[in-house]
$ cat data-v7.csv   # CSV, C-alpha atoms
chain,number,residue,atom,x,y,z
A,1438,MET,CA,18.2,5.5,9.2
A,1439,VAL,CA,15.1,6.8,11.0
A,1440,SER,CA,14.3,9.2,8.1
A,1441,LEU,CA,14.4,6.3,5.7
A,1442,CYS,CA,12.1,4.3,7.8
A,1443,PHE,CA,9.7,7.3,8.1
A,1444,TYR,CA,9.5,7.8,4.4
A,1445,ARG,CA,9.0,4.1,3.7
A,1446,LEU,CA,6.2,4.0,6.3
A,1447,VAL,CA,4.4,7.0,4.7
A,1448,SER,CA,4.7,5.4,1.3
A,1449,ILE,CA,2.9,2.2,2.3
A,1450,ILE,CA,0.1,3.9,4.2
A,1451,PRO,CA,-2.3,3.9,1.1
A,1452,TYR,CA,-1.7,0.2,0.5
A,1453,ILE,CA,-2.4,-0.6,4.1
A,1454,SER,CA,-5.7,1.3,3.9
A,1455,THR,CA,-6.7,-0.6,0.8
A,1456,ILE,CA,-5.9,-4.0,2.4
A,1457,LEU,CA,-7.9,-3.1,5.5
A,1458,ALA,CA,-10.9,-2.0,3.4
A,1459,VAL,CA,-10.8,-5.3,1.5
A,1460,GLN,CA,-10.7,-7.4,4.7
A,1461,VAL,CA,-13.7,-5.6,6.1
A,1462,HIS,CA,-16.0,-6.6,3.2
A,1463,PRO,CA,-17.8,-9.8,4.3
A,1464,VAL,CA,-17.8,-11.5,0.9
A,1465,LYS,CA,-16.0,-11.8,-2.4
A,1466,ARG,CA,-17.4,-10.5,-5.7
A,1467,ASN,CA,-16.6,-13.2,-8.2
A,1468,VAL,CA,-20.0,-14.2,-9.7
A,1469,VAL,CA,-19.8,-14.5,-13.5
A,1470,SER,CA,-21.4,-16.3,-16.4
A,1471,PRO,CA,-20.1,-16.2,-20.0
A,1472,ALA,CA,-23.4,-17.7,-21.1
A,1473,THR,CA,-25.7,-15.2,-22.9
A,1474,CYS,CA,-29.4,-15.2,-23.8
A,1475,THR,CA,-30.9,-14.1,-27.0
A,1476,SER,CA,-32.8,-10.8,-27.1
A,1477,GLU,CA,-36.3,-12.5,-27.3
A,1478,TYR,CA,-35.7,-13.7,-23.7
A,1479,SER,CA,-34.9,-10.3,-22.2
A,1480,TRP,CA,-38.1,-10.5,-20.1
A,1481,MET,CA,-36.3,-13.1,-18.0
A,1482,ASN,CA,-33.7,-10.5,-16.8
A,1483,ASP,CA,-33.6,-9.3,-13.2
A,1484,GLY,CA,-34.1,-5.7,-12.1
A,1485,GLN,CA,-30.4,-4.9,-13.0
A,1486,GLY,CA,-30.6,-6.4,-16.5
A,1487,HIS,CA,-28.8,-9.5,-15.6
A,1488,SER,CA,-29.7,-12.5,-17.8
A,1489,ALA,CA,-31.2,-15.7,-16.4
A,1490,CYS,CA,-27.8,-17.3,-16.6
A,1491,LEU,CA,-26.0,-14.6,-14.6
A,1492,THR,CA,-28.9,-14.4,-12.1
A,1493,VAL,CA,-28.7,-18.2,-11.4
A,1494,ALA,CA,-25.0,-17.7,-10.8
A,1495,TYR,CA,-25.8,-15.2,-8.1
A,1496,VAL,CA,-28.3,-17.7,-6.6
A,1497,GLU,CA,-25.8,-20.5,-6.5
A,1498,GLY,CA,-23.0,-18.2,-5.4
A,1499,ALA,CA,-24.9,-17.3,-2.2
A,1500,CYS,CA,-24.1,-20.7,-0.8
A,1501,SER,CA,-20.5,-20.7,-2.0
A,1502,GLU,CA,-19.1,-17.5,-0.7
A,1503,ASN,CA,-20.3,-15.7,-3.8
A,1504,ASN,CA,-17.8,-17.4,-6.0
A,1505,TYR,CA,-19.6,-19.1,-8.8
A,1506,ASP,CA,-19.2,-19.4,-12.6
A,1507,GLN,CA,-22.3,-20.4,-14.6
A,1508,PRO,CA,-20.8,-22.1,-17.8
A,1509,VAL,CA,-22.1,-21.9,-21.4
A,1510,LEU,CA,-24.3,-24.9,-22.3
A,1511,ILE,CA,-23.1,-27.0,-25.2
A,1512,ASN,CA,-25.8,-27.9,-27.7
A,1513,GLY,CA,-27.2,-31.3,-26.9
A,1514,TYR,CA,-26.3,-31.2,-23.2
A,1515,SER,CA,-28.1,-30.2,-20.1
A,1516,TYR,CA,-27.0,-28.7,-16.8
A,1517,SER,CA,-26.3,-31.3,-14.1
A,1518,LEU,CA,-28.8,-32.4,-11.5
A,1519,PRO,CA,-28.1,-31.9,-7.8
A,1520,ASN,CA,-26.4,-34.9,-6.2
A,1521,SER,CA,-25.0,-35.9,-2.8
A,1522,SER,CA,-21.8,-33.8,-3.4
A,1523,THR,CA,-23.3,-30.7,-5.1
A,1524,ALA,CA,-26.7,-30.4,-3.4
A,1525,ASN,CA,-27.1,-27.5,-1.0
A,1526,ALA,CA,-29.8,-25.1,0.1
A,1527,CYS,CA,-29.3,-22.8,-2.9
A,1528,TYR,CA,-28.9,-25.4,-5.6
A,1529,CYS,CA,-32.1,-27.2,-4.5
A,1530,SER,CA,-34.3,-24.0,-4.2
A,1531,TRP,CA,-37.2,-23.1,-6.6
A,1532,SER,CA,-35.4,-20.1,-8.0
A,1533,SER,CA,-32.3,-22.2,-8.8
A,1534,TYR,CA,-34.3,-24.8,-10.7
A,1535,ASN,CA,-36.5,-22.2,-12.6
A,1536,LEU,CA,-33.5,-20.0,-13.5
A,1537,MET,CA,-31.3,-22.9,-14.5
A,1538,MET,CA,-34.0,-24.3,-16.9
A,1539,ALA,CA,-34.5,-20.7,-18.2
A,1540,CYS,CA,-30.8,-20.4,-18.9
A,1541,THR,CA,-30.9,-23.7,-20.7
A,1542,LEU,CA,-33.6,-22.4,-23.1
A,1543,CYS,CA,-32.6,-18.8,-23.5
A,1544,GLN,CA,-29.2,-19.6,-25.1
A,1545,GLY,CA,-30.9,-20.6,-28.3
A,1546,ASN,CA,-29.7,-24.2,-28.5
A,1547,THR,CA,-31.9,-26.4,-30.7
A,1548,ASN,CA,-31.2,-29.8,-29.2
A,1549,THR,CA,-31.5,-29.4,-25.5
A,1550,SER,CA,-33.9,-30.6,-22.9
A,1551,ILE,CA,-34.9,-29.6,-19.4
A,1552,TRP,CA,-35.3,-31.6,-16.3
A,1553,GLU,CA,-38.6,-32.2,-14.5
A,1554,TRP,CA,-38.8,-30.7,-11.0
A,1555,ALA,CA,-39.2,-34.2,-9.4
A,1556,GLN,CA,-35.9,-35.3,-11.0
A,1557,TRP,CA,-34.2,-32.1,-9.7
A,1558,ALA,CA,-35.6,-32.6,-6.2
A,1559,SER,CA,-34.6,-36.2,-6.1
A,1560,GLY,CA,-30.9,-35.1,-5.7
A,1561,CYS,CA,-31.7,-33.1,-2.6
A,1562,THR,CA,-32.6,-35.9,-0.2
A,1563,THR,CA,-29.9,-34.6,2.2
A,1564,ASN,CA,-32.4,-32.1,3.5
A,1565,SER,CA,-35.9,-32.1,2.2
A,1566,SER,CA,-36.6,-28.6,3.4
A,1567,TRP,CA,-34.3,-27.2,0.8
A,1568,THR,CA,-36.9,-28.0,-1.9
A,1569,GLN,CA,-39.6,-26.1,0.0
A,1570,GLU,CA,-38.2,-22.5,-0.5
A,1571,TYR,CA,-37.8,-20.2,-3.4
A,1572,PHE,CA,-34.5,-19.1,-1.8
A,1573,PRO,CA,-32.8,-20.4,1.4
A,1574,SER,CA,-33.4,-18.4,4.6
A,1575,GLY,CA,-30.4,-16.9,6.1
A,1576,TYR,CA,-28.7,-16.1,2.8
A,1577,ALA,CA,-28.5,-13.0,0.6
A,1578,LEU,CA,-27.6,-12.3,-3.0
A,1579,ALA,CA,-24.3,-10.5,-3.6
A,1580,GLY,CA,-24.1,-7.0,-5.1
A,1581,ASP,CA,-27.3,-5.6,-6.5
A,1582,ALA,CA,-28.7,-8.8,-8.0
A,1583,SER,CA,-32.4,-9.7,-7.6
A,1584,ILE,CA,-34.7,-12.6,-8.5
A,1585,PRO,CA,-37.6,-12.1,-11.1
A,1586,TYR,CA,-41.0,-12.8,-9.6
A,1587,TRP,CA,-41.7,-15.6,-12.1
A,1588,ALA,CA,-38.6,-17.5,-10.9
A,1589,THR,CA,-40.0,-17.7,-7.3
A,1590,ILE,CA,-42.9,-19.9,-8.4
A,1591,ASN,CA,-43.1,-23.4,-7.0
A,1592,PRO,CA,-42.0,-25.6,-9.9
A,1593,ALA,CA,-44.5,-28.3,-8.9
A,1594,THR,CA,-47.3,-25.9,-10.1
A,1595,TRP,CA,-45.9,-25.7,-13.7
A,1596,THR,CA,-47.8,-27.6,-16.4
A,1597,TYR,CA,-46.5,-31.2,-16.4
A,1598,GLY,CA,-44.4,-30.5,-13.3
A,1599,ALA,CA,-41.6,-29.0,-15.3
A,1600,PHE,CA,-40.4,-25.5,-16.2
A,1601,ASN,CA,-42.9,-24.1,-18.7
A,1602,ILE,CA,-41.7,-21.1,-20.7
A,1603,ILE,CA,-45.3,-20.2,-21.6
A,1604,ASN,CA,-46.4,-20.3,-18.0
A,1605,ALA,CA,-43.4,-18.3,-16.9
A,1606,SER,CA,-44.0,-15.6,-19.6
A,1607,ALA,CA,-47.6,-15.3,-18.5
A,1608,THR,CA,-46.5,-14.9,-14.9
A,1609,TYR,CA,-44.1,-12.1,-15.9
A,1610,GLN,CA,-46.9,-10.3,-17.8
A,1611,ALA,CA,-49.1,-10.5,-14.6
A,1612,ASN,CA,-46.3,-9.5,-12.2
A,1613,SER,CA,-43.0,-8.1,-13.5
A,1614,SER,CA,-41.5,-7.3,-10.1
A,1615,TYR,CA,-38.2,-8.4,-8.7
A,1616,ILE,CA,-37.4,-9.9,-5.4
A,1617,THR,CA,-34.2,-9.2,-3.4
A,1618,PRO,CA,-34.0,-11.7,-0.5
A,1619,SER,CA,-32.1,-10.8,2.6
A,1620,ALA,CA,-30.5,-12.9,5.3
A,1621,SER,CA,-33.2,-12.0,7.7
A,1622,SER,CA,-36.3,-12.6,5.5
A,1623,SER,CA,-38.2,-15.9,5.3
A,1624,SER,CA,-38.5,-17.4,1.8
A,1625,SER,CA,-40.5,-20.5,2.5
A,1626,GLY,CA,-44.2,-21.2,1.7
A,1627,SER,CA,-46.2,-20.5,-1.4
A,1628,SER,CA,-45.2,-18.4,-4.3
A,1629,SER,CA,-46.9,-15.3,-2.9
A,1630,SER,CA,-44.7,-15.2,0.3
A,1631,PRO,CA,-41.6,-13.5,-1.1
A,1632,SER,CA,-41.5,-9.7,-0.5
A,1633,SER,CA,-39.1,-7.1,-1.8
A,1634,SER,CA,-36.3,-6.4,0.6
A,1635,SER,CA,-33.7,-4.6,-1.6
A,1636,SER,CA,-33.1,-2.0,1.0
A,1637,SER,CA,-32.0,-4.6,3.6
A,1638,SER,CA,-29.5,-6.1,1.2
A,1639,LYS,CA,-28.1,-2.8,0.2
A,1640,SER,CA,-27.9,-1.6,3.8
A,1641,THR,CA,-25.6,-4.6,4.5
A,1642,ASP,CA,-23.2,-3.6,1.8
A,1643,VAL,CA,-23.3,0.1,2.9
A,1644,GLY,CA,-22.7,-0.8,6.5
A,1645,ALA,CA,-19.6,-2.9,5.5
A,1646,ILE,CA,-18.3,-0.1,3.3
A,1647,VAL,CA,-18.8,2.5,6.0
A,1648,GLY,CA,-17.2,0.3,8.6
A,1649,GLY,CA,-14.2,-0.4,6.3
A,1650,THR,CA,-13.8,3.3,5.6
A,1651,ILE,CA,-13.9,4.3,9.3
A,1652,GLY,CA,-11.5,1.5,10.2
A,1653,GLY,CA,-9.1,2.4,7.5
A,1654,ALA,CA,-9.2,6.1,8.5
A,1655,ALA,CA,-8.5,5.3,12.1
A,1656,THR,CA,-5.6,3.1,11.1
A,1657,LEU,CA,-4.2,5.9,8.9
A,1658,LEU,CA,-4.4,8.4,11.8
A,1659,LEU,CA,-2.6,5.9,14.1
A,1660,LEU,CA,0.2,5.3,11.6
A,1661,ALA,CA,0.6,9.0,10.9
A,1662,PHE,CA,0.9,9.7,14.7
A,1663,VAL,CA,3.5,7.0,15.1
A,1664,ALA,CA,5.4,8.3,12.1
A,1665,TYR,CA,5.3,11.8,13.6
A,1666,LEU,CA,6.7,10.6,17.0
A,1667,LEU,CA,9.6,8.8,15.2
A,1668,TYR,CA,10.4,11.9,13.2
A,1669,ARG,CA,10.4,14.1,16.3
A,1670,ARG,CA,12.6,11.6,18.0
A,1671,HIS,CA,15.0,11.7,15.1
A,1672,VAL,CA,15.1,15.5,15.0
A,1673,TYR,CA,15.7,15.6,18.8
A,1674,ARG,CA,18.6,13.2,18.6
A,1675,LYS,CA,20.1,15.0,15.7
A,1676,GLY,CA,19.9,18.3,17.6
A,1677,VAL,CA,21.5,16.9,20.8
A,1678,HIS,CA,24.4,15.4,18.6
A,1679,ALA,CA,25.0,18.8,16.9
A,1680,SER,CA,25.0,20.6,20.3
A,1681,ALA,CA,27.6,18.2,21.7
A,1682,SER,CA,29.8,18.6,18.7
A,1683,ASN,CA,29.7,22.4,19.0
A,1684,GLN,CA,30.7,22.3,22.7
A,1685,GLN,CA,33.5,19.9,21.9
A,1686,GLY,CA,34.8,22.3,19.2
A,1687,THR,CA,34.7,25.3,21.5
A,1688,THR,CA,36.7,23.4,24.2
A,1689,LEU,CA,39.4,22.5,21.7
A,1690,MET,CA,39.7,26.0,20.3
A,1691,SER,CA,39.9,27.5,23.8
A,1692,GLY,CA,42.9,25.2,24.7
A,1693,THR,CA,45.0,26.1,21.7
A,1694,HIS,CA,48.2,28.1,22.3
A,1695,ASN,CA,50.1,30.5,20.1
A,1696,ARG,CA,53.0,28.6,18.6
A,1697,PHE,CA,54.7,31.6,17.1
A,1698,PRO,CA,57.8,32.9,18.9
A,1699,SER,CA,57.7,36.1,20.7
A,1700,GLU,CA,58.8,39.2,18.9
A,1701,THR,CA,61.1,40.0,21.8
A,1702,SER,CA,62.9,36.6,21.7
A,1703,ASN,CA,66.7,36.8,21.3
A,1704,PHE,CA,68.7,34.2,19.4
A,1705,THR,CA,72.3,34.3,20.7
A,1706,SER,CA,75.4,32.5,19.9
A,1707,MET,CA,75.3,29.4,17.8
A,1708,SER,CA,78.5,27.4,17.9
A,1709,GLY,CA,79.7,24.3,16.1
A,1710,PRO,CA,79.7,23.5,12.4
A,1711,LEU,CA,76.9,25.2,10.5
A,1712,ALA,CA,75.7,23.9,7.1
A,1713,LEU,CA,75.2,26.6,4.6
A,1714,TYR,CA,73.2,25.3,1.6
A,1715,GLY,CA,74.7,21.9,2.1
A,1716,GLN,CA,78.4,23.1,2.6
A,1717,SER,CA,80.4,22.6,5.8
A,1718,VAL,CA,82.0,25.5,7.6
A,1719,SER,CA,85.4,25.1,9.3
A,1720,PRO,CA,85.8,25.7,13.0
A,1721,SER,CA,87.8,28.8,12.2
A,1722,GLN,CA,84.7,30.2,10.6
A,1723,GLN,CA,82.6,29.7,13.7
A,1724,HIS,CA,80.8,32.8,14.7
A,1725,GLU,CA,78.1,34.2,16.8
A,1726,VAL,CA,74.8,35.2,15.4
A,1727,SER,CA,72.6,37.8,17.0
A,1728,TYR,CA,69.1,38.6,16.1
A,1729,SER,CA,67.5,42.0,16.5
A,1730,PRO,CA,63.8,42.2,15.9
A,1731,GLN,CA,62.7,44.6,13.3
A,1732,PRO,CA,60.2,47.3,14.2
A,1733,GLN,CA,56.7,45.9,14.0
A,1734,THR,CA,54.4,47.2,11.4
A,1735,ALA,CA,51.5,49.2,12.8
A,1736,TYR,CA,48.1,48.0,11.7
A,1737,PRO,CA,45.2,50.2,11.4
A,1738,SER,CA,42.7,49.9,14.3
A,1739,LEU,CA,39.9,47.6,13.4
A,1740,GLN,CA,36.6,47.0,15.2
A,1741,GLY,CA,36.8,44.0,17.5
A,1742,SER,CA,39.7,41.8,18.4
A,1743,PHE,CA,42.4,41.5,15.7
A,1744,SER,CA,45.8,39.7,15.8
A,1745,PRO,CA,48.4,40.6,13.1
A,1746,LEU,CA,49.7,37.8,11.0
A,1747,PRO,CA,53.1,36.4,12.0
A,1748,ARG,CA,55.9,38.3,10.3
A,1749,THR,CA,58.0,36.6,7.8
A,1750,ASP,CA,61.4,38.2,7.7
A,1751,MET,CA,63.3,37.5,4.5
A,1752,SER,CA,66.2,39.9,5.2
A,1753,VAL,CA,69.7,38.6,4.7
A,1754,TYR,CA,71.9,38.9,7.8
A,1755,THR,CA,75.6,39.5,7.6
A,1756,THR,CA,78.1,38.0,10.1
A,1757,HIS,CA,81.8,38.6,10.6
A,1758,THR,CA,84.4,35.9,11.0
A,1759,ASN,CA,87.5,36.0,13.2
A,1760,ASN,CA,89.7,37.2,10.4
A,1761,GLY,CA,87.4,40.1,9.6
A,1762,GLN,CA,85.8,38.7,6.5
A,1763,ARG,CA,82.0,39.1,5.8
A,1764,SER,CA,79.8,36.0,5.4
A,1765,ASP,CA,76.2,36.0,4.2
A,1766,VAL,CA,73.9,33.6,6.1
A,1767,ILE,CA,70.7,32.1,4.8
A,1768,PRO,CA,67.6,34.2,5.4
A,1769,MET,CA,65.8,33.5,8.6
A,1770,VAL,CA,62.1,33.1,8.5
$ encode --input "data-v7.csv" --output "structure tokens"
Amino acid sequence: MVSLCFYRLVSIIPYISTILAVQVHPVKRNVVSPATCTSEYSWMNDGQGHSACLTVAYVEGACSENNYDQPVLINGYSYSLPNSSTANACYCSWSSYNLMMACTLCQGNTNTSIWEWAQWASGCTTNSSWTQEYFPSGYALAGDASIPYWATINPATWTYGAFNIINASATYQANSSYITPSASSSSSGSSSSPSSSSSSSKSTDVGAIVGGTIGGAATLLLLAFVAYLLYRRHVYRKGVHASASNQQGTTLMSGTHNRFPSETSNFTSMSGPLALYGQSVSPSQQHEVSYSPQPQTAYPSLQGSFSPLPRTDMSVYTTHTNNGQRSDVIPMV
């Protein structure tokens, strides 16, 4: 039973390590977007080559436990404005608006329109400070995502107060860098305030991975030690049981006595009716039987103690009746 538990424990150790490593990671990685941009808008991509649609999914996902799906835009429709139920620090930020409008245009739809920044900001009355940052302070993008510099521009400065693809392209030509905000960096103020902090974001993930690895390794060592103790306990109990069994067997063997009759025993008179092969013998045929042991066979001397096998005497013995007649008796064994 203990051996079975030991092998089962060893077999589930890799799965336990995997579960612990997943629990140590601070966030889920489920940011996706099936929407795609045409090749002429590749300049909108972030530093990892993510399209504007996938990048805005990372921005929105920062405020929703990094679990966000940016859908494909149907021709003739527009993405929803923030409202009292959907507005948050990420959705109301400058980068969210700029990237959402860029995603609207880059999919190649011919009958779509974009929202003005004033309309977008009107849905963020819950907290007016949300519309004063390119990305909310205290949050970070998941994975290796980054924000193109042109998407950090205050939308109020665009021509006509709405996202302007010409202005955005010119900004990209002047500065093609990418911004990776971290939870400790400040992202409020003018468009020139953001600074690259990719090393801080990556260090967060590296720290989580290292911590998960160390924790998993420590747990594996602990489980292996417990399994070893259980195995040693099982082996010890098995050895004690085997020793007790051997001692009991030795005691039983030492108390056994020889059940074979002595070679010097004498069988004397037998009286009364004697059945010979199923036949009755009359009283007149009663007789005495004497047994004389045959000479023992000498066995060659062997090394160690040796006891000869009990002799089986198959000789036929002859008796004499009162009237002098001979009678053969059954062989005696």
$ residues_around --input "data-v7.csv" --residues "Leu1542 in chain A" --least-positions-apart "6" --cutoff "9 Å" --atoms "only C-alpha atoms" --output "CSV table (one decimal) with C-alpha atoms, keeping the file's coordinate frame"
chain,number,residue,atom,x,y,z
A,1474,CYS,CA,-29.4,-15.2,-23.8
A,1478,TYR,CA,-35.7,-13.7,-23.7
A,1549,THR,CA,-31.5,-29.4,-25.5
A,1550,SER,CA,-33.9,-30.6,-22.9
A,1551,ILE,CA,-34.9,-29.6,-19.4
A,1602,ILE,CA,-41.7,-21.1,-20.7
$ closest_residue --input "data-v7.csv" --among "A:Cys1527, A:Leu1666, A:Ala1558, A:Cys1540" --to "Leu1491 in chain A" --atoms "only C-alpha atoms"
A:Cys1540
$ residues_around --input "data-v7.csv" --residues "range 1505-1507 of chain A" --least-positions-apart "5" --cutoff "6 Å" --atoms "only C-alpha atoms" --output "list in words"
Val1468, Val1469, Ser1470, Ala1494 and Gly1498 of chain A
$ write_last_selection --input "data-v7.csv" --atoms "C-alpha atoms" --output "mmCIF file, keeping the file's coordinate frame"
data_model
loop_
_atom_site.group_PDB
_atom_site.id
_atom_site.type_symbol
_atom_site.label_atom_id
_atom_site.label_comp_id
_atom_site.auth_asym_id
_atom_site.auth_seq_id
_atom_site.Cartn_x
_atom_site.Cartn_y
_atom_site.Cartn_z
ATOM 1 C CA VAL A 1468 -20.000 -14.200 -9.700
ATOM 2 C CA VAL A 1469 -19.800 -14.500 -13.500
ATOM 3 C CA SER A 1470 -21.400 -16.300 -16.400
ATOM 4 C CA ALA A 1494 -25.000 -17.700 -10.800
ATOM 5 C CA GLY A 1498 -23.000 -18.200 -5.400
#
$ atom_distance --input "data-v7.csv" --atom1 "CA of Ile1603 in chain A" --atom2 "CA of Tyr1586 in chain A"
14.7 Å
$ residues_around --input "data-v7.csv" --residues "range 1482-1489 of chain A" --least-positions-apart "3" --cutoff "12 Å" --atoms "only C-alpha atoms" --output "PyMOL selection string"
chain A and resi 1468-1479+1492-1496+1507+1532-1544+1580-1588+1606+1609+1613-1617+1633+1635
$ atom_distance --input "data-v7.csv" --atom1 "CA of Asn1564 in chain A" --atom2 "CA of Ala1599 in chain A"
21.2 Å
$ atom_distance --input "data-v7.csv" --atom1 "CA of Thr1547 in chain A" --atom2 "CA of Tyr1597 in chain A"
21.0 Å
$ residues_around --input "data-v7.csv" --residues "Ala1524 in chain A" --least-positions-apart "5" --cutoff "10 Å" --atoms "all atoms listed in the file" --output "list of chain:residue names"
A:Leu1518, A:Pro1519, A:Cys1529, A:Ser1530, A:Trp1557, A:Ala1558, A:Gly1560, A:Cys1561, A:Thr1562, A:Thr1563, A:Asn1564, A:Trp1567
$ build_atoms --input "data-v7.csv" --residues "range 1665-1676 of chain A" --atoms "N, CA, C and O atoms" --output "PDB file, keeping the file's coordinate frame"
ATOM      1  N   TYR A1665       4.967  10.481  13.119  1.00  0.00           N
ATOM      2  CA  TYR A1665       5.300  11.800  13.600  1.00  0.00           C
ATOM      3  C   TYR A1665       6.207  11.695  14.858  1.00  0.00           C
ATOM      4  O   TYR A1665       7.196  12.436  15.008  1.00  0.00           O
ATOM      5  N   LEU A1666       5.879  10.760  15.768  1.00  0.00           N
ATOM      6  CA  LEU A1666       6.700  10.600  17.000  1.00  0.00           C
ATOM      7  C   LEU A1666       8.115  10.115  16.589  1.00  0.00           C
ATOM      8  O   LEU A1666       9.108  10.589  17.159  1.00  0.00           O
ATOM      9  N   LEU A1667       8.236   9.212  15.627  1.00  0.00           N
ATOM     10  CA  LEU A1667       9.600   8.800  15.200  1.00  0.00           C
ATOM     11  C   LEU A1667      10.356   9.908  14.580  1.00  0.00           C
ATOM     12  O   LEU A1667      11.559  10.035  14.805  1.00  0.00           O
ATOM     13  N   TYR A1668       9.678  10.747  13.796  1.00  0.00           N
ATOM     14  CA  TYR A1668      10.400  11.900  13.200  1.00  0.00           C
ATOM     15  C   TYR A1668      10.840  12.871  14.218  1.00  0.00           C
ATOM     16  O   TYR A1668      11.969  13.365  14.158  1.00  0.00           O
ATOM     17  N   ARG A1669       9.968  13.165  15.214  1.00  0.00           N
ATOM     18  CA  ARG A1669      10.400  14.100  16.300  1.00  0.00           C
ATOM     19  C   ARG A1669      11.547  13.518  17.072  1.00  0.00           C
ATOM     20  O   ARG A1669      12.460  14.260  17.456  1.00  0.00           O
ATOM     21  N   ARG A1670      11.549  12.235  17.307  1.00  0.00           N
ATOM     22  CA  ARG A1670      12.600  11.600  18.000  1.00  0.00           C
ATOM     23  C   ARG A1670      13.946  11.721  17.249  1.00  0.00           C
ATOM     24  O   ARG A1670      15.000  12.005  17.827  1.00  0.00           O
ATOM     25  N   HIS A1671      13.858  11.537  15.927  1.00  0.00           N
ATOM     26  CA  HIS A1671      15.000  11.700  15.100  1.00  0.00           C
ATOM     27  C   HIS A1671      15.582  13.086  15.098  1.00  0.00           C
ATOM     28  O   HIS A1671      16.783  13.317  15.226  1.00  0.00           O
ATOM     29  N   VAL A1672      14.675  14.083  15.006  1.00  0.00           N
ATOM     30  CA  VAL A1672      15.100  15.500  15.000  1.00  0.00           C
ATOM     31  C   VAL A1672      15.745  15.828  16.363  1.00  0.00           C
ATOM     32  O   VAL A1672      16.757  16.530  16.434  1.00  0.00           O
ATOM     33  N   TYR A1673      15.188  15.341  17.471  1.00  0.00           N
ATOM     34  CA  TYR A1673      15.700  15.600  18.800  1.00  0.00           C
ATOM     35  C   TYR A1673      17.136  15.038  18.940  1.00  0.00           C
ATOM     36  O   TYR A1673      18.054  15.719  19.416  1.00  0.00           O
ATOM     37  N   ARG A1674      17.311  13.792  18.525  1.00  0.00           N
ATOM     38  CA  ARG A1674      18.600  13.200  18.600  1.00  0.00           C
ATOM     39  C   ARG A1674      19.661  13.902  17.768  1.00  0.00           C
ATOM     40  O   ARG A1674      20.805  14.087  18.165  1.00  0.00           O
ATOM     41  N   LYS A1675      19.228  14.326  16.583  1.00  0.00           N
ATOM     42  CA  LYS A1675      20.100  15.000  15.700  1.00  0.00           C
ATOM     43  C   LYS A1675      20.548  16.370  16.323  1.00  0.00           C
ATOM     44  O   LYS A1675      21.706  16.796  16.242  1.00  0.00           O
ATOM     45  N   GLY A1676      19.611  17.085  16.991  1.00  0.00           N
ATOM     46  CA  GLY A1676      19.900  18.300  17.600  1.00  0.00           C
ATOM     47  C   GLY A1676      20.868  18.174  18.804  1.00  0.00           C
ATOM     48  O   GLY A1676      21.783  18.965  19.009  1.00  0.00           O
TER      49      GLY A1676
END
